$ cat start_24.tsv   # TSV, C-alpha atoms
chain	number	residue	atom	x	y	z
H	488	MET	CA	80.02	105.01	37.44
H	489	PRO	CA	81.90	102.23	39.22
H	490	PHE	CA	84.51	100.15	37.49
H	491	ILE	CA	82.70	97.16	36.00
H	492	PRO	CA	85.14	95.02	34.03
H	493	PRO	CA	83.74	92.76	31.33
H	494	VAL	CA	82.73	89.28	32.35
H	495	CYS	CA	85.64	87.69	30.47
H	496	PHE	CA	88.04	89.74	32.59
H	497	LEU	CA	86.60	88.47	35.85
H	498	ILE	CA	86.70	84.86	34.71
H	499	SER	CA	89.53	84.24	32.27
H	500	LEU	CA	92.16	86.41	33.92
H	501	ARG	CA	92.08	84.47	37.21
H	502	ARG	CA	94.52	82.01	35.78
H	503	ALA	CA	98.08	80.84	35.73
H	504	LEU	CA	99.68	77.91	33.97
H	505	PRO	CA	97.78	74.69	34.70
H	506	LEU	CA	98.99	73.09	37.91
H	507	ALA	CA	100.78	70.41	35.92
H	508	GLY	CA	101.98	72.82	33.27
H	509	VAL	CA	105.59	73.02	34.37
H	510	LEU	CA	106.14	69.43	35.42
H	511	THR	CA	107.93	68.16	32.37
H	512	LEU	CA	110.18	71.23	32.34
H	513	LEU	CA	111.69	70.62	35.78
H	514	ALA	CA	115.23	69.30	35.80
H	515	PHE	CA	116.68	66.53	37.93
H	516	PRO	CA	120.50	66.40	38.07
H	517	ALA	CA	120.34	62.63	38.61
H	518	LEU	CA	117.42	60.31	37.98
H	519	ALA	CA	118.33	58.20	40.99
H	520	GLN	CA	119.93	59.50	44.17
H	521	THR	CA	120.74	57.56	47.29
H	522	THR	CA	119.66	58.33	50.84
H	523	GLY	CA	121.17	55.87	53.31
H	524	GLN	CA	120.58	52.42	51.87
H	525	THR	CA	117.59	53.43	49.72
H	526	ALA	CA	117.89	54.56	46.12
H	527	ILE	CA	115.26	57.17	45.27
H	528	ASP	CA	114.19	57.82	41.70
H	529	HIS	CA	113.31	61.47	42.20
H	530	GLU	CA	111.79	61.93	38.78
H	531	SER	CA	109.34	59.06	39.31
H	532	GLU	CA	108.68	60.25	42.85
H	533	TYR	CA	107.87	63.71	41.52
H	534	ALA	CA	105.42	62.42	38.92
H	535	ALA	CA	103.65	60.22	41.46
H	536	CYS	CA	103.51	62.98	44.07
H	537	MET	CA	102.09	65.51	41.63
H	538	ARG	CA	99.36	63.11	40.55
H	539	LEU	CA	98.36	62.77	44.18
H	540	ALA	CA	98.56	66.53	44.68
H	541	GLN	CA	95.88	67.07	42.07
H	542	GLU	CA	93.72	63.97	42.60
H	543	ALA	CA	94.00	63.55	46.40
H	544	PRO	CA	95.76	66.66	47.73
H	545	ALA	CA	95.83	65.61	51.37
H	546	ASP	CA	97.68	62.47	50.34
H	547	GLY	CA	99.84	64.53	48.01
H	548	TYR	CA	100.82	66.79	50.89
H	549	ARG	CA	101.80	63.86	53.09
H	550	SER	CA	103.72	62.26	50.23
H	551	GLY	CA	105.53	65.51	49.50
H	552	VAL	CA	106.53	66.02	53.14
H	553	ALA	CA	107.82	62.45	53.43
H	554	TRP	CA	109.76	62.81	50.20
H	555	PHE	CA	111.17	66.19	51.28
H	556	GLU	CA	112.50	64.58	54.46
H	557	LYS	CA	114.29	62.01	52.27
H	558	GLY	CA	116.03	64.69	50.21
H	559	GLY	CA	113.36	65.63	47.68
H	560	GLY	CA	114.33	69.30	47.91
H	561	SER	CA	112.56	71.90	45.80
H	562	ALA	CA	110.81	69.27	43.67
H	563	ALA	CA	109.13	67.89	46.80
H	564	GLU	CA	108.34	71.43	47.88
H	565	HIS	CA	106.59	72.06	44.57
H	566	CYS	CA	104.42	69.01	45.17
H	567	ILE	CA	103.66	70.27	48.68
H	568	ALA	CA	102.79	73.71	47.29
H	569	VAL	CA	100.39	72.34	44.68
H	570	SER	CA	98.75	70.15	47.33
H	571	LEU	CA	98.30	73.17	49.59
H	572	LEU	CA	96.87	75.17	46.70
H	573	GLN	CA	94.31	72.43	46.07
H	574	LEU	CA	93.54	72.28	49.79
H	575	GLY	CA	92.91	76.03	49.97
H	576	ASP	CA	95.98	77.09	51.95
H	577	TYR	CA	96.73	79.70	49.31
H	578	ALA	CA	99.23	81.95	51.11
H	579	GLU	CA	101.51	79.09	52.14
H	580	ALA	CA	101.24	77.58	48.65
H	581	ALA	CA	102.20	80.90	47.08
H	582	ALA	CA	105.24	81.36	49.32
H	583	ARG	CA	106.47	77.86	48.55
H	584	LEU	CA	105.94	78.32	44.80
H	585	GLU	CA	108.07	81.45	44.88
H	586	ARG	CA	110.82	79.58	46.70
H	587	VAL	CA	110.75	76.80	44.11
H	588	ALA	CA	110.94	79.38	41.32
H	589	GLY	CA	114.14	80.68	42.87
H	590	ASP	CA	115.85	77.28	42.63
H	591	GLU	CA	117.58	77.54	39.26
H	592	SER	CA	119.07	74.05	39.60
H	593	LEU	CA	115.56	72.60	39.49
H	594	ALA	CA	114.02	75.12	37.12
H	595	PRO	CA	116.85	76.17	34.80
H	596	ARG	CA	114.63	77.27	31.93
H	597	PRO	CA	113.27	80.84	32.15
H	598	GLU	CA	109.82	79.67	31.05
H	599	THR	CA	109.71	77.22	33.93
H	600	ARG	CA	110.51	79.85	36.55
H	601	ALA	CA	108.00	82.23	34.98
H	602	GLY	CA	105.36	79.50	35.08
H	603	LEU	CA	105.99	78.82	38.76
H	604	LEU	CA	105.77	82.53	39.52
H	605	ALA	CA	102.53	82.70	37.56
H	606	GLN	CA	101.17	79.93	39.77
H	607	ALA	CA	102.34	81.88	42.80
H	608	GLY	CA	100.56	84.98	41.51
H	609	LEU	CA	97.31	83.06	41.19
H	610	ALA	CA	97.73	81.65	44.69
H	611	TRP	CA	98.29	85.13	46.12
H	612	VAL	CA	95.13	86.35	44.36
H	613	LEU	CA	93.18	83.48	45.92
H	614	ALA	CA	94.73	84.39	49.28
H	615	GLY	CA	93.42	87.93	48.86
H	616	ASP	CA	96.82	89.60	48.62
H	617	GLU	CA	96.92	91.45	45.31
H	618	ARG	CA	100.16	93.27	46.15
H	619	LYS	CA	102.05	90.02	46.52
H	620	ALA	CA	100.30	88.70	43.41
H	621	ALA	CA	101.53	91.74	41.50
H	622	SER	CA	105.06	91.22	42.84
H	623	ALA	CA	105.10	87.58	41.70
H	624	ARG	CA	103.82	88.57	38.27
H	625	ASP	CA	106.40	91.37	38.08
H	626	LYS	CA	109.14	88.79	38.63
H	627	ALA	CA	107.63	86.48	36.02
H	628	LEU	CA	107.55	89.24	33.43
H	629	GLU	CA	111.13	90.21	34.17
H	630	ILE	CA	111.99	86.70	33.01
H	631	THR	CA	109.61	86.49	30.02
H	632	PRO	CA	108.56	90.05	29.12
H	633	ASP	CA	106.83	89.02	25.89
H	634	ASN	CA	104.52	86.46	27.49
H	635	VAL	CA	101.11	87.84	26.58
H	636	ASP	CA	99.15	85.68	29.02
H	637	LEU	CA	101.34	86.74	31.93
H	638	ARG	CA	101.08	90.38	30.95
H	639	ILE	CA	97.30	90.18	30.78
H	640	ASP	CA	97.24	88.32	34.11
H	641	ARG	CA	99.14	91.17	35.74
H	642	VAL	CA	96.36	93.51	34.69
H	643	LEU	CA	94.15	91.80	37.28
H	644	SER	CA	96.47	92.92	40.03
H	645	ARG	CA	96.95	96.38	38.52
H	646	VAL	CA	93.21	97.00	38.46
H	647	ALA	CA	92.68	95.58	41.95
H	648	LEU	CA	95.35	98.01	43.20
H	649	GLU	CA	93.72	100.87	41.22
H	650	GLN	CA	96.82	101.19	39.04
H	651	TYR	CA	94.75	101.86	35.95
H	652	PHE	CA	97.35	103.59	33.82
H	653	GLU	CA	99.87	100.84	34.54
H	654	ALA	CA	97.19	98.33	33.54
H	655	ILE	CA	96.73	100.14	30.25
H	656	ASP	CA	100.49	100.04	29.67
H	657	ASP	CA	100.41	96.26	30.11
H	658	LEU	CA	97.43	95.94	27.79
H	659	ASN	CA	99.08	98.13	25.16
H	660	ARG	CA	102.09	95.84	25.17
H	661	ALA	CA	99.94	92.72	25.09
H	662	LEU	CA	98.03	94.03	22.09
H	663	ASP	CA	101.23	95.03	20.32
H	664	LEU	CA	102.30	91.40	20.65
H	665	SER	CA	98.88	89.87	19.94
H	666	PRO	CA	96.50	92.37	18.28
H	667	ARG	CA	93.55	89.97	18.09
H	668	ARG	CA	93.30	89.16	21.80
H	669	ILE	CA	89.67	89.94	22.53
H	670	ASP	CA	90.17	89.62	26.29
H	671	ALA	CA	92.87	92.31	26.23
H	672	LEU	CA	90.74	94.60	24.06
H	673	LEU	CA	87.76	94.30	26.39
H	674	VAL	CA	89.76	94.83	29.56
H	675	ARG	CA	91.35	97.92	28.05
H	676	ALA	CA	87.91	99.12	26.95
H	677	SER	CA	86.52	98.76	30.47
H	678	THR	CA	89.56	100.52	31.93
H	679	TYR	CA	89.22	103.41	29.49
H	680	ARG	CA	85.52	103.59	30.36
H	681	TYR	CA	86.29	103.79	34.06
H	682	LEU	CA	88.73	106.63	33.33
H	683	GLY	CA	86.04	108.47	31.36
H	684	GLN	CA	87.66	107.89	27.96
H	685	LEU	CA	84.50	106.58	26.31
H	686	ASP	CA	85.65	107.10	22.72
H	687	LEU	CA	88.77	105.01	23.32
H	688	ALA	CA	86.69	102.40	25.12
H	689	ARG	CA	84.23	102.23	22.23
H	690	ASP	CA	87.06	101.86	19.71
H	691	ASP	CA	88.42	98.81	21.55
H	692	VAL	CA	84.98	97.19	21.75
H	693	GLU	CA	84.42	97.71	18.03
H	694	ARG	CA	87.80	96.11	17.34
H	695	ALA	CA	86.74	93.12	19.42
H	696	LEU	CA	83.38	92.88	17.62
H	697	ALA	CA	85.13	93.04	14.25
H	698	ILE	CA	86.91	89.83	15.30
H	699	ASP	CA	83.78	88.19	16.75
H	700	PRO	CA	80.49	90.04	16.01
H	701	GLU	CA	78.52	87.89	18.47
H	702	HIS	CA	80.92	87.91	21.38
H	703	PRO	CA	78.63	88.28	24.43
H	704	ASP	CA	81.17	90.06	26.62
H	705	ALA	CA	81.98	92.56	23.85
H	706	LEU	CA	78.28	93.29	23.35
H	707	LEU	CA	77.84	93.61	27.10
H	708	GLU	CA	80.74	96.06	27.36
H	709	ARG	CA	79.41	98.09	24.44
H	710	GLY	CA	76.07	98.29	26.20
H	711	VAL	CA	77.71	99.45	29.43
H	712	ILE	CA	79.62	102.11	27.49
H	713	ALA	CA	76.41	103.26	25.79
H	714	ARG	CA	74.67	103.43	29.15
H	715	ALA	CA	77.55	105.48	30.59
H	716	ALA	CA	77.23	107.85	27.62
H	717	GLY	CA	73.50	108.23	28.23
H	718	ASP	CA	72.39	106.34	25.12
H	719	LYS	CA	69.78	104.09	26.74
H	720	ASN	CA	68.35	102.83	23.46
H	721	ALA	CA	71.70	101.54	22.21
H	722	ALA	CA	72.48	100.10	25.62
H	723	ARG	CA	69.12	98.32	25.79
H	724	GLN	CA	69.63	96.80	22.35
H	725	ASP	CA	73.04	95.41	23.25
H	726	PHE	CA	71.83	93.99	26.55
H	727	LEU	CA	68.87	92.30	24.87
H	728	THR	CA	71.21	90.86	22.24
H	729	VAL	CA	73.39	89.41	24.96
H	730	LEU	CA	70.34	87.72	26.47
H	731	LYS	CA	69.44	86.22	23.10
H	732	LEU	CA	72.95	84.82	22.75
H	733	THR	CA	73.40	83.62	26.31
H	734	SER	CA	70.50	84.01	28.70
H	735	GLU	CA	72.28	82.04	31.41
H	736	GLY	CA	75.72	82.57	32.89
H	737	PRO	CA	77.71	85.65	33.89
H	738	ALA	CA	77.20	87.69	30.70
H	739	GLY	CA	73.46	87.05	30.69
H	740	ASP	CA	73.18	87.85	34.38
H	741	ALA	CA	75.06	91.13	33.92
H	742	ALA	CA	72.89	92.11	30.95
H	743	ARG	CA	69.75	91.36	32.94
H	744	LEU	CA	70.93	93.44	35.90
H	745	ASN	CA	71.73	96.37	33.63
H	746	LEU	CA	68.30	96.17	32.02
H	747	GLU	CA	66.58	96.05	35.40
H	748	ALA	CA	68.62	99.05	36.51
H	749	MET	CA	67.23	100.86	33.47
H	750	ASP	CA	63.68	99.89	34.60
H	751	VAL	CA	63.21	97.32	31.87
H	752	ARG	CA	61.63	94.14	33.21
H	753	VAL	CA	63.09	90.94	31.74
H	754	GLU	CA	61.37	87.62	32.44

$ encode --input "start_24.tsv" --output "structure tokens"
Amino acid sequence: MPFIPPVCFLISLRRALPLAGVLTLLAFPALAQTTGQTAIDHESEYAACMRLAQEAPADGYRSGVAWFEKGGGSAAEHCIAVSLLQLGDYAEAAARLERVAGDESLAPRPETRAGLLAQAGLAWVLAGDERKAASARDKALEITPDNVDLRIDRVLSRVALEQYFEAIDDLNRALDLSPRRIDALLVRASTYRYLGQLDLARDDVERALAIDPEHPDALLERGVIARAAGDKNAARQDFLTVLKLTSEGPAGDAARLNLEAMDVRVE
């Protein structure tokens, strides 16, 4: 049966650090620098530009370009990149984010560079280029290998590229670091299911349900596993339970579709 990741995988893994998440970590060698006769407070310029990038991205883009021409450097380029990301020019935003991440004078802290690369990875996903997303996430994890969120994020690219065993390796490491991450357990369960390892998939789902017995995505995944194993009664029960917990939204929709595929009409 086709690879059907749990709903939480499709939603929560399309993430990076919030767009403003690295702002306070960026470094400015001097708070005020001079261009010609005009003193520019680059730190204040950066804060103002980033606010525009998120609230009025077209204005943020214009502000970033003007500031870049006055010597704003990589900080201005980050503002431009975030503006482009908000405007939907994902590939250009991703390329610029990677360039900013390479400027160690602006982003001297490893966590900052990893955060910028995580943003770039998200932008490449939105641009439809999973290979470049994987590359950006590879670079981020070289910097911060024990970042669980980044490691789980990379699973998105691994699965999209059909690198299922590599995805499991990432999930194993993530769960070693954070054993109670339900999202990681459910993604690993769905990957095991796709590979035909139903017992391993079921074990991960039961671990997730031990943490949260009414987790809709865990119940949905358990139902999909039961359906794959030919246990229609167990599958039906889980899908109906999902609908009781959340009749609307992605999990409810998926449960309803599975029930309809099993010729059970749900009003």

$ atom_distance --input "start_24.tsv" --atom1 "CA of Ala671 (chain H)" --atom2 "CA of Leu707 (chain H)"
15.1 Å

$ atom_distance --input "start_24.tsv" --atom1 "CA of Gly560 (chain H)" --atom2 "CA of Ala534 (chain H)"
14.4 Å

$ residues_around --input "start_24.tsv" --residues "Glu629 (chain H)" --least-positions-apart "6" --cutoff "12 Å" --atoms "all atoms listed in the file" --output "mmCIF file with C-alpha atoms, in the coordinates of the input"
data_model
loop_
_atom_site.group_PDB
_atom_site.id
_atom_site.type_symbol
_atom_site.label_atom_id
_atom_site.label_comp_id
_atom_site.auth_asym_id
_atom_site.auth_seq_id
_atom_site.Cartn_x
_atom_site.Cartn_y
_atom_site.Cartn_z
ATOM 1 C CA PRO H 597 113.270 80.840 32.150
ATOM 2 C CA GLU H 598 109.820 79.670 31.050
ATOM 3 C CA ARG H 600 110.510 79.850 36.550
ATOM 4 C CA ALA H 601 108.000 82.230 34.980
ATOM 5 C CA LEU H 604 105.770 82.530 39.520
ATOM 6 C CA ALA H 605 102.530 82.700 37.560
ATOM 7 C CA SER H 622 105.060 91.220 42.840
ATOM 8 C CA ALA H 623 105.100 87.580 41.700
ATOM 9 C CA LEU H 637 101.340 86.740 31.930
ATOM 10 C CA ARG H 638 101.080 90.380 30.950
#

$ atom_distance --input "start_24.tsv" --atom1 "CA of Ala581 (chain H)" --atom2 "CA of Ser665 (chain H)"
28.8 Å

$ residues_near_point --input "start_24.tsv" --point "(80.0, 89.2, 24.7)" --cutoff "12 Å" --atoms "all atoms listed in the file" --output "VMD selection string"
chain H and resid 493 to 496 669 to 670 673 692 to 693 695 to 696 698 to 711 725 to 734 736 to 742

$ closest_residue --input "start_24.tsv" --among "H:Leu628, H:Ile567, H:Ala654, H:Met537" --to "Ala676 (chain H)" --atoms "only C-alpha atoms"
H:Ala654

$ residues_around --input "start_24.tsv" --residues "Arg618 (chain H)" --least-positions-apart "2" --cutoff "8 Å" --atoms "all atoms listed in the file" --output "PyMOL selection string"
chain H and resi 616+620-622+644+648

$ write_last_selection --input "start_24.tsv" --atoms "C-alpha atoms" --output "compact mmCIF listing (two decimals), in the coordinates of the input"
# COMPACT_ATOMS: atom_id res chain seq x y z
CA ASP H 616 96.82 89.60 48.62
CA ALA H 620 100.30 88.70 43.41
CA ALA H 621 101.53 91.74 41.50
CA SER H 622 105.06 91.22 42.84
CA SER H 644 96.47 92.92 40.03
CA LEU H 648 95.35 98.01 43.20

$ closest_residue --input "start_24.tsv" --among "H:Ala545, H:Ala715, H:Leu685, H:Ala553" --to "Leu571 (chain H)" --atoms "all atoms listed in the file"
H:Ala545

$ closest_residue --input "start_24.tsv" --among "H:Ala588, H:Ala578, H:Ile630, H:Met749" --to "Ala614 (chain H)" --atoms "only C-alpha atoms"
H:Ala578

$ residues_around --input "start_24.tsv" --residues "Gly559 (chain H)" --least-positions-apart "2" --cutoff "10 Å" --atoms "all atoms listed in the file" --output "list of chain:residue names"
H:Gln520, H:Ile527, H:Asp528, H:His529, H:Glu530, H:Glu532, H:Tyr533, H:Gly551, H:Val552, H:Ala553, H:Trp554, H:Phe555, H:Glu556, H:Lys557, H:Ser561, H:Ala562, H:Ala563, H:Glu564, H:His565, H:Cys566

$ write_last_selection --input "start_24.tsv" --atoms "C-alpha atoms" --output "short mmCIF file (atom, residue, chain, number, x, y, z; two decimals), keeping the file's coordinate frame"
data_model
loop_
_atom_site.label_atom_id
_atom_site.label_comp_id
_atom_site.auth_asym_id
_atom_site.auth_seq_id
_atom_site.Cartn_x
_atom_site.Cartn_y
_atom_site.Cartn_z
CA GLN H 520 119.93 59.50 44.17
CA ILE H 527 115.26 57.17 45.27
CA ASP H 528 114.19 57.82 41.70
CA HIS H 529 113.31 61.47 42.20
CA GLU H 530 111.79 61.93 38.78
CA GLU H 532 108.68 60.25 42.85
CA TYR H 533 107.87 63.71 41.52
CA GLY H 551 105.53 65.51 49.50
CA VAL H 552 106.53 66.02 53.14
CA ALA H 553 107.82 62.45 53.43
CA TRP H 554 109.76 62.81 50.20
CA PHE H 555 111.17 66.19 51.28
CA GLU H 556 112.50 64.58 54.46
CA LYS H 557 114.29 62.01 52.27
CA SER H 561 112.56 71.90 45.80
CA ALA H 562 110.81 69.27 43.67
CA ALA H 563 109.13 67.89 46.80
CA GLU H 564 108.34 71.43 47.88
CA HIS H 565 106.59 72.06 44.57
CA CYS H 566 104.42 69.01 45.17
#

$ build_atoms --input "start_24.tsv" --residues "region 553-564 of chain H" --atoms "all heavy atoms" --output "CSV table (one decimal), in the frame of the given file"
chain,number,residue,atom,x,y,z
H,553,ALA,N,107.0,63.6,53.2
H,553,ALA,CA,107.8,62.4,53.4
H,553,ALA,C,109.0,62.4,52.5
H,553,ALA,O,110.1,62.1,52.8
H,553,ALA,CB,107.0,61.2,53.3
H,554,TRP,N,108.7,62.8,51.2
H,554,TRP,CA,109.8,62.8,50.2
H,554,TRP,C,110.8,63.9,50.5
H,554,TRP,O,112.0,63.7,50.3
H,554,TRP,CB,109.1,63.0,48.8
H,554,TRP,CG,110.0,63.1,47.7
H,554,TRP,CD1,111.3,62.5,47.5
H,554,TRP,CD2,109.8,63.8,46.5
H,554,TRP,NE1,111.8,62.8,46.3
H,554,TRP,CE2,111.0,63.6,45.6
H,554,TRP,CE3,108.8,64.6,46.0
H,554,TRP,CZ2,111.1,64.2,44.4
H,554,TRP,CZ3,108.8,65.2,44.7
H,554,TRP,CH2,110.0,65.0,44.0
H,555,PHE,N,110.3,65.1,50.9
H,555,PHE,CA,111.2,66.2,51.3
H,555,PHE,C,112.1,65.8,52.4
H,555,PHE,O,113.3,66.1,52.3
H,555,PHE,CB,110.3,67.4,51.7
H,555,PHE,CG,111.2,68.6,52.0
H,555,PHE,CD1,111.5,69.5,51.0
H,555,PHE,CD2,111.6,68.9,53.3
H,555,PHE,CE1,112.3,70.6,51.2
H,555,PHE,CE2,112.4,70.1,53.5
H,555,PHE,CZ,112.7,70.9,52.5
H,556,GLU,N,111.7,65.0,53.4
H,556,GLU,CA,112.5,64.6,54.5
H,556,GLU,C,113.6,63.6,54.0
H,556,GLU,O,114.6,63.4,54.7
H,556,GLU,CB,111.6,64.0,55.6
H,556,GLU,CG,110.8,65.0,56.3
H,556,GLU,CD,109.8,64.4,57.3
H,556,GLU,OE1,109.6,63.2,57.2
H,556,GLU,OE2,109.2,65.2,58.0
H,557,LYS,N,113.3,63.0,52.8
H,557,LYS,CA,114.3,62.0,52.3
H,557,LYS,C,115.2,62.7,51.2
H,557,LYS,O,115.9,62.0,50.5
H,557,LYS,CB,113.5,60.8,51.6
H,557,LYS,CG,112.8,60.0,52.6
H,557,LYS,CD,112.0,58.9,51.9
H,557,LYS,CE,111.2,58.1,52.9
H,557,LYS,NZ,110.4,57.0,52.2
H,558,GLY,N,115.1,64.0,51.1
H,558,GLY,CA,116.0,64.7,50.2
H,558,GLY,C,115.4,65.1,48.9
H,558,GLY,O,116.1,65.4,47.9
H,559,GLY,N,114.1,65.2,48.9
H,559,GLY,CA,113.4,65.6,47.7
H,559,GLY,C,113.6,67.1,47.3
H,559,GLY,O,113.3,67.4,46.1
H,560,GLY,N,114.0,67.9,48.2
H,560,GLY,CA,114.3,69.3,47.9
H,560,GLY,C,113.2,70.1,47.3
H,560,GLY,O,112.0,69.9,47.7
H,561,SER,N,113.5,71.0,46.4
H,561,SER,CA,112.6,71.9,45.8
H,561,SER,C,111.5,71.2,45.0
H,561,SER,O,110.3,71.7,44.9
H,561,SER,CB,113.3,72.9,44.9
H,561,SER,OG,114.1,73.8,45.7
H,562,ALA,N,111.8,70.0,44.4
H,562,ALA,CA,110.8,69.3,43.7
H,562,ALA,C,109.7,68.8,44.6
H,562,ALA,O,108.5,68.9,44.3
H,562,ALA,CB,111.5,68.1,43.0
H,563,ALA,N,110.1,68.3,45.8
H,563,ALA,CA,109.1,67.9,46.8
H,563,ALA,C,108.3,69.1,47.3
H,563,ALA,O,107.1,69.0,47.5
H,563,ALA,CB,109.8,67.2,48.0
H,564,GLU,N,109.0,70.2,47.4
H,564,GLU,CA,108.3,71.4,47.9
H,564,GLU,C,107.3,71.9,46.9
H,564,GLU,O,106.2,72.4,47.2
H,564,GLU,CB,109.3,72.6,48.2
H,564,GLU,CG,108.7,73.7,48.8
H,564,GLU,CD,109.6,74.6,49.7
H,564,GLU,OE1,110.8,74.7,49.3
H,564,GLU,OE2,109.2,75.1,50.7
